[in-house]
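Enquirer: Dropping the structure in here first, questions after.
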Amino acid sequence: MNASKSDGNHRYDIVGPAQSAATIDLIGRVFSRDEPLAVTVGQSREEFTRMLAVFLPAALSDHLTMGAFTGGKMVGVALTTAFTFAPPAEIEGMSPNYPPIGALIAALEQDYERANAERLDRCAHIHMLAVDNHARGHGIAQALVDATARNAKRNGYDTILSDATNPTSQRVFARQGFRTANEVAYSTFEHDGTARFASLANLGAIKLMEKRI
């Protein structure tokens, strides 16, 4: 089915292999500079490039990742897979600063996974939501989340989730009708005996946000 839509200024469409390089470049630039968890642990743009080069081909095969385009240029992306998606094994070690983030996300999601084990295959998962700095303030993030949810529904999913790491992204999801399914406070989470994200206490908590679609 055709998932493309336009608001007159931007086009929203499924991301395919032809957009892989643009997707990796956009996420690497945005997340290494602006994403609180990545900045805290020191994930570099190069780490994201290595990791996404392996992760993305498998992820795109789910046909759930949506991009925002202006004049043919990608200005936003919602990297999305089935919640049950298993990343390629070789991704381990490609981002040496990632383990604290992975442990935090695992702690956030584990109760949801247990409580919803029988329906996880009907859940889609937005892993990363990125909008280029110069394109912000035009509602692109909101429209991307909406387009992603609509595309997931067309593909047979009945729920969409995301790990929202900061108040800005949490507001984006809340405005699209997502609710908080679980949260983990940055001030209390420990990895290997260290409160690795205590410096983010002013942001409150990472939230697993859910919407039935």
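Residue numbers start at 1 in each chain; chains themselves are named A, B, ... in the order of the structure tokens; ligands are numbered from 1 in the order shown.
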Need the shell around range 156-169 of chain A: protein/DNA/RNA residues with any atom at most 7 Å away, counting only C-alpha atoms. Skip same-chain ones fewer than 4 positions apart. Format as a ChimeraX atom specification?

Expert: /A:122-127,149,152,173,203,206-213

Enquirer: Write the selection just made, keeping N, CA and C atoms, as an mmCIF file, in the first residue's frame?

Expert:
```cif
data_model
loop_
_atom_site.group_PDB
_atom_site.id
_atom_site.type_symbol
_atom_site.label_atom_id
_atom_site.label_comp_id
_atom_site.auth_asym_id
_atom_site.auth_seq_id
_atom_site.Cartn_x
_atom_site.Cartn_y
_atom_site.Cartn_z
ATOM 1 N N ARG A 122 2.506 -7.686 17.464
ATOM 2 C CA ARG A 122 1.613 -6.693 16.864
ATOM 3 C C ARG A 122 2.017 -5.267 17.249
ATOM 4 N N CYS A 123 3.189 -5.142 17.880
ATOM 5 C CA CYS A 123 3.676 -3.839 18.327
ATOM 6 C C CYS A 123 4.818 -3.361 17.429
ATOM 7 N N ALA A 124 4.734 -2.115 16.997
ATOM 8 C CA ALA A 124 5.829 -1.468 16.273
ATOM 9 C C ALA A 124 6.621 -0.603 17.249
ATOM 10 N N HIS A 125 7.889 -0.330 16.922
ATOM 11 C CA HIS A 125 8.788 0.328 17.866
ATOM 12 C C HIS A 125 9.582 1.415 17.152
ATOM 13 N N ILE A 126 9.355 2.667 17.515
ATOM 14 C CA ILE A 126 10.179 3.764 17.015
ATOM 15 C C ILE A 126 11.446 3.820 17.867
ATOM 16 N N HIS A 127 12.578 3.464 17.273
ATOM 17 C CA HIS A 127 13.847 3.458 17.994
ATOM 18 C C HIS A 127 14.454 4.856 18.089
ATOM 19 N N ALA A 149 2.750 5.904 12.638
ATOM 20 C CA ALA A 149 1.653 5.156 13.243
ATOM 21 C C ALA A 149 0.667 4.667 12.177
ATOM 22 N N ALA A 152 2.271 1.816 10.254
ATOM 23 C CA ALA A 152 2.292 0.589 11.057
ATOM 24 C C ALA A 152 0.915 -0.068 11.071
ATOM 25 N N PHE A 173 5.263 12.893 21.484
ATOM 26 C CA PHE A 173 4.477 11.665 21.521
ATOM 27 C C PHE A 173 3.141 11.874 22.241
ATOM 28 N N LEU A 203 16.014 16.214 33.623
ATOM 29 C CA LEU A 203 15.093 15.786 32.569
ATOM 30 C C LEU A 203 14.043 14.816 33.090
ATOM 31 N N ILE A 206 13.404 8.616 31.514
ATOM 32 C CA ILE A 206 13.125 8.058 30.206
ATOM 33 C C ILE A 206 11.766 7.371 30.291
ATOM 34 N N LYS A 207 10.953 7.517 29.256
ATOM 35 C CA LYS A 207 9.599 6.981 29.310
ATOM 36 C C LYS A 207 9.352 6.039 28.113
ATOM 37 N N LEU A 208 8.774 4.889 28.396
ATOM 38 C CA LEU A 208 8.257 4.021 27.362
ATOM 39 C C LEU A 208 6.843 4.484 27.080
ATOM 40 N N MET A 209 6.607 5.008 25.858
ATOM 41 C CA MET A 209 5.320 5.599 25.536
ATOM 42 C C MET A 209 4.607 4.746 24.490
ATOM 43 N N GLU A 210 3.323 4.578 24.660
ATOM 44 C CA GLU A 210 2.544 3.599 23.899
ATOM 45 C C GLU A 210 1.279 4.254 23.337
ATOM 46 N N LYS A 211 0.927 3.821 22.121
ATOM 47 C CA LYS A 211 -0.340 4.250 21.531
ATOM 48 C C LYS A 211 -0.977 3.081 20.805
ATOM 49 N N ARG A 212 -2.225 2.805 21.086
ATOM 50 C CA ARG A 212 -2.981 1.821 20.320
ATOM 51 C C ARG A 212 -3.432 2.484 19.024
ATOM 52 N N ILE A 213 -3.274 1.785 17.915
ATOM 53 C CA ILE A 213 -3.555 2.398 16.603
ATOM 54 C C ILE A 213 -4.613 1.600 15.827
#
```

Enquirer: Counting only C-alpha atoms, what are the residues of range 41-149 of chain A within 8 Å of range 186-195 of chain A, and for each of them which pair of atoms is the nearest and at what distance in Å, to one decimal? Sort the table by chain and rising number, as a tab-separated table.

Expert:
```
residue	atom	partner	partner_atom	distance
A:Pro100	CA	A:His191	CA	6.0
A:Ala103	CA	A:His191	CA	7.1
A:Leu104	CA	A:Phe189	CA	7.3
```

Enquirer: Please save N, CA and C atoms of the selected residues as a compact mmCIF listing (two decimals), in the first residue's frame.

Expert:
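Below you can see out-v4.txt, which holds the result:
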```txt
# COMPACT_ATOMS: atom_id res chain seq x y z
N PRO A 100 25.65 1.28 28.59
CA PRO A 100 24.77 1.88 29.61
C PRO A 100 23.39 2.24 29.05
N ALA A 103 21.38 -0.99 28.63
CA ALA A 103 20.92 -1.49 29.92
C ALA A 103 19.72 -0.68 30.42
N LEU A 104 19.76 0.63 30.21
CA LEU A 104 18.65 1.48 30.63
C LEU A 104 17.39 1.16 29.85
```

Enquirer: Need to verify the contact set: Ala89 in chain A, 12 Å, only C-alpha atoms, exclusion of same-chain residues closer than 4 positions in sequence. Can you return it as a PyMOL selection string?

Expert: chain A and resi 51+54-55+58+85+93-94

Enquirer: Keeping N, CA and C atoms, export the residues of the selection given above as a compact mmCIF listing (two decimals), in the first residue's frame.

Expert:
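Result file is selection.txt:
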```
# COMPACT_ATOMS: atom_id res chain seq x y z
N MET A 51 27.41 1.55 13.70
CA MET A 51 26.28 0.78 14.23
C MET A 51 25.13 0.73 13.23
N VAL A 54 25.19 -1.51 10.03
CA VAL A 54 24.81 -2.91 10.21
C VAL A 54 23.34 -3.04 10.57
N PHE A 55 22.85 -2.15 11.43
CA PHE A 55 21.47 -2.22 11.92
C PHE A 55 20.46 -1.91 10.84
N ALA A 58 18.78 -4.47 7.94
CA ALA A 58 17.80 -5.40 8.49
C ALA A 58 16.55 -4.67 8.95
N PHE A 85 11.81 -7.16 16.73
CA PHE A 85 12.99 -7.14 15.85
C PHE A 85 14.26 -7.46 16.64
N GLY A 93 29.46 -4.39 20.08
CA GLY A 93 30.81 -3.87 20.11
C GLY A 93 31.09 -2.75 19.12
N MET A 94 30.16 -2.48 18.21
CA MET A 94 30.39 -1.42 17.23
C MET A 94 30.24 -0.03 17.84
```

Enquirer: Taking only C-alpha atoms into account, which of A:Val145, A:Ala201, A:Ala82, A:Leu37 comes nearest Pro99 in chain A?

Expert: A:Leu37

Enquirer: Which one of A:Val77, A:Ala106, A:Leu52, A:Ile24 sits closest to Val131 in chain A if you count only C-alpha atoms?

Expert: A:Val77

Enquirer: Please list as a list in words every residue within 12 Å of Gly8 in chain A, counting only C-alpha atoms and excluding residues in the same chain fewer than 6 positions away.

Expert: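 Counting only C-alpha atoms, the residues come to Phe69, Thr70, Gly71 and His138 of chain A.
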
Enquirer: What is the distance, in Å and to one decimal place, between CA of Ala68 in chain A and CA of Ala86 in chain A?

Expert: 25.3 Å

Enquirer: With DSSP run on the backbone, what are the alpha helix (DSSP H) residues within range 61-181 of chain A? I'd like them as number ranges by chain.

Expert: A: 99-115, 140-154, 167-175
